[in-house]
Amino acid sequence: MYGTKYGFVGKDKIDESKKLLPTSTKWIPINGGNHSQNGWYGFQKGDNTATITRDEQQNIIGKSIVQFMSGN
């Protein structure tokens with residue numbers, strides 16, 4: 001999972017890292033999500049401003065983890 005507004009790791013670096021993981025890796029973009037909203041530690045210097053709320057982003061993360069753990 002990655003936020004499309006990540007300031008630390010842009011799309012270029014994400015795309016570049018894909019070759020390091022199995023081709024079966026599932027990539028889940030969180031549209032409008034940033035790095036800072038993955039937790040509750042506040043805005044991180046160098047990050048971009050999210051265009052979705054922290055609750056929206058964390059709900060996407062939670063649902064994606066549950067889906068992965070259930071084998072879907």
# chains A, B, ... in the order shown; residues from 1 in each chain; ligands from 1

call {"tool": "select_by_dssp", "arguments": {"residues": "chain A", "states": "strand (DSSP E)", "output": "JSON, numbers by chain"}}
result
{"A": [2, 3, 29, 30]}

call {"tool": "write_last_selection", "arguments": {"atoms": "N, CA, C and O atoms", "output": "mmCIF file, in the first residue's frame"}}
result
data_model
loop_
_atom_site.group_PDB
_atom_site.id
_atom_site.type_symbol
_atom_site.label_atom_id
_atom_site.label_comp_id
_atom_site.auth_asym_id
_atom_site.auth_seq_id
_atom_site.Cartn_x
_atom_site.Cartn_y
_atom_site.Cartn_z
ATOM 1 N N TYR A 2 0.441 2.221 -0.713
ATOM 2 C CA TYR A 2 1.162 3.486 -0.738
ATOM 3 C C TYR A 2 0.179 4.597 -1.057
ATOM 4 O O TYR A 2 -0.785 4.419 -1.785
ATOM 5 N N GLY A 3 0.418 5.747 -0.467
ATOM 6 C CA GLY A 3 -0.412 6.908 -0.744
ATOM 7 C C GLY A 3 0.066 7.620 -1.986
ATOM 8 O O GLY A 3 1.273 7.751 -2.212
ATOM 9 N N PRO A 29 -2.652 1.371 -4.343
ATOM 10 C CA PRO A 29 -2.515 2.817 -4.168
ATOM 11 C C PRO A 29 -3.664 3.346 -3.315
ATOM 12 O O PRO A 29 -4.809 2.929 -3.468
ATOM 13 N N ILE A 30 -3.340 4.234 -2.405
ATOM 14 C CA ILE A 30 -4.365 4.910 -1.611
ATOM 15 C C ILE A 30 -4.488 6.309 -2.202
ATOM 16 O O ILE A 30 -3.647 7.182 -1.948
#

call {"tool": "residues_around", "arguments": {"residues": "range 44-52 of chain A", "least_positions_apart": "2", "cutoff": "8 Å", "atoms": "only C-alpha atoms", "output": "MDAnalysis selection string"}}
result
chainID A and resid 5:8 31:37 42 54 56:57

call {"tool": "select_by_dssp", "arguments": {"residues": "chain A", "states": "alpha helix (DSSP H)", "output": "JSON, numbers by chain"}}
result
{"A": [11, 12, 13, 14, 15, 16, 17, 54, 55, 56, 57, 58, 59, 60, 61, 62, 63, 64, 65, 66, 67, 68, 69]}

call {"tool": "write_last_selection", "arguments": {"atoms": "N, CA, C and O atoms", "output": "tab-separated table (two decimals), in the first residue's frame"}}
result
chain	number	residue	atom	x	y	z
A	11	LYS	N	6.17	8.20	-7.02
A	11	LYS	CA	5.77	7.12	-7.92
A	11	LYS	C	6.96	6.51	-8.64
A	11	LYS	O	7.02	5.30	-8.84
A	12	ASP	N	7.94	7.32	-9.00
A	12	ASP	CA	9.13	6.79	-9.68
A	12	ASP	C	9.85	5.76	-8.83
A	12	ASP	O	10.23	4.70	-9.31
A	13	LYS	N	10.02	6.07	-7.54
A	13	LYS	CA	10.72	5.13	-6.65
A	13	LYS	C	9.88	3.89	-6.40
A	13	LYS	O	10.42	2.79	-6.28
A	14	ILE	N	8.58	4.06	-6.30
A	14	ILE	CA	7.69	2.91	-6.11
A	14	ILE	C	7.78	2.01	-7.33
A	14	ILE	O	7.96	0.79	-7.21
A	15	ASP	N	7.68	2.59	-8.52
A	15	ASP	CA	7.78	1.80	-9.76
A	15	ASP	C	9.13	1.11	-9.87
A	15	ASP	O	9.22	-0.05	-10.28
A	16	GLU	N	10.18	1.81	-9.47
A	16	GLU	CA	11.53	1.25	-9.52
A	16	GLU	C	11.66	0.05	-8.57
A	16	GLU	O	12.34	-0.93	-8.89
A	17	SER	N	11.02	0.11	-7.42
A	17	SER	CA	11.14	-0.97	-6.43
A	17	SER	C	10.35	-2.22	-6.82
A	17	SER	O	10.60	-3.30	-6.28
A	54	ARG	N	-7.58	11.41	7.49
A	54	ARG	CA	-6.86	10.34	8.16
A	54	ARG	C	-7.77	9.12	8.34
A	54	ARG	O	-7.37	7.99	8.12
A	55	ASP	N	-9.02	9.36	8.75
A	55	ASP	CA	-9.97	8.25	8.93
A	55	ASP	C	-10.19	7.49	7.63
A	55	ASP	O	-10.21	6.26	7.63
A	56	GLU	N	-10.37	8.22	6.53
A	56	GLU	CA	-10.56	7.55	5.24
A	56	GLU	C	-9.35	6.69	4.89
A	56	GLU	O	-9.49	5.53	4.48
A	57	GLN	N	-8.16	7.26	5.06
A	57	GLN	CA	-6.95	6.53	4.71
A	57	GLN	C	-6.78	5.30	5.60
A	57	GLN	O	-6.49	4.22	5.11
A	58	GLN	N	-6.99	5.45	6.89
A	58	GLN	CA	-6.80	4.32	7.79
A	58	GLN	C	-7.88	3.26	7.60
A	58	GLN	O	-7.62	2.07	7.79
A	59	ASN	N	-9.07	3.65	7.19
A	59	ASN	CA	-10.11	2.66	6.86
A	59	ASN	C	-9.70	1.84	5.64
A	59	ASN	O	-9.90	0.62	5.60
A	60	ILE	N	-9.13	2.49	4.64
A	60	ILE	CA	-8.64	1.78	3.45
A	60	ILE	C	-7.54	0.80	3.85
A	60	ILE	O	-7.54	-0.36	3.42
A	61	ILE	N	-6.63	1.25	4.69
A	61	ILE	CA	-5.54	0.38	5.14
A	61	ILE	C	-6.09	-0.82	5.90
A	61	ILE	O	-5.72	-1.97	5.63
A	62	GLY	N	-6.99	-0.57	6.85
A	62	GLY	CA	-7.57	-1.65	7.64
A	62	GLY	C	-8.32	-2.67	6.79
A	62	GLY	O	-8.13	-3.88	6.95
A	63	LYS	N	-9.15	-2.19	5.89
A	63	LYS	CA	-9.91	-3.10	5.02
A	63	LYS	C	-8.98	-3.91	4.12
A	63	LYS	O	-9.21	-5.09	3.88
A	64	SER	N	-7.92	-3.28	3.63
A	64	SER	CA	-6.97	-3.98	2.77
A	64	SER	C	-6.23	-5.07	3.53
A	64	SER	O	-5.99	-6.16	3.00
A	65	ILE	N	-5.88	-4.80	4.78
A	65	ILE	CA	-5.20	-5.81	5.60
A	65	ILE	C	-6.13	-6.98	5.88
A	65	ILE	O	-5.73	-8.14	5.75
A	66	VAL	N	-7.38	-6.69	6.25
A	66	VAL	CA	-8.34	-7.75	6.52
A	66	VAL	C	-8.55	-8.60	5.26
A	66	VAL	O	-8.58	-9.84	5.32
A	67	GLN	N	-8.68	-7.95	4.13
A	67	GLN	CA	-8.88	-8.66	2.86
A	67	GLN	C	-7.67	-9.55	2.57
A	67	GLN	O	-7.82	-10.72	2.18
A	68	PHE	N	-6.48	-9.04	2.78
A	68	PHE	CA	-5.26	-9.83	2.55
A	68	PHE	C	-5.22	-11.03	3.49
A	68	PHE	O	-4.93	-12.15	3.06
A	69	MET	N	-5.51	-10.81	4.76
A	69	MET	CA	-5.44	-11.88	5.76
A	69	MET	C	-6.49	-12.96	5.51
A	69	MET	O	-6.28	-14.12	5.85

call {"tool": "atom_distance", "arguments": {"atom1": "CA of Leu21 in chain A", "atom2": "CA of Met1 in chain A"}}
result
13.6 Å
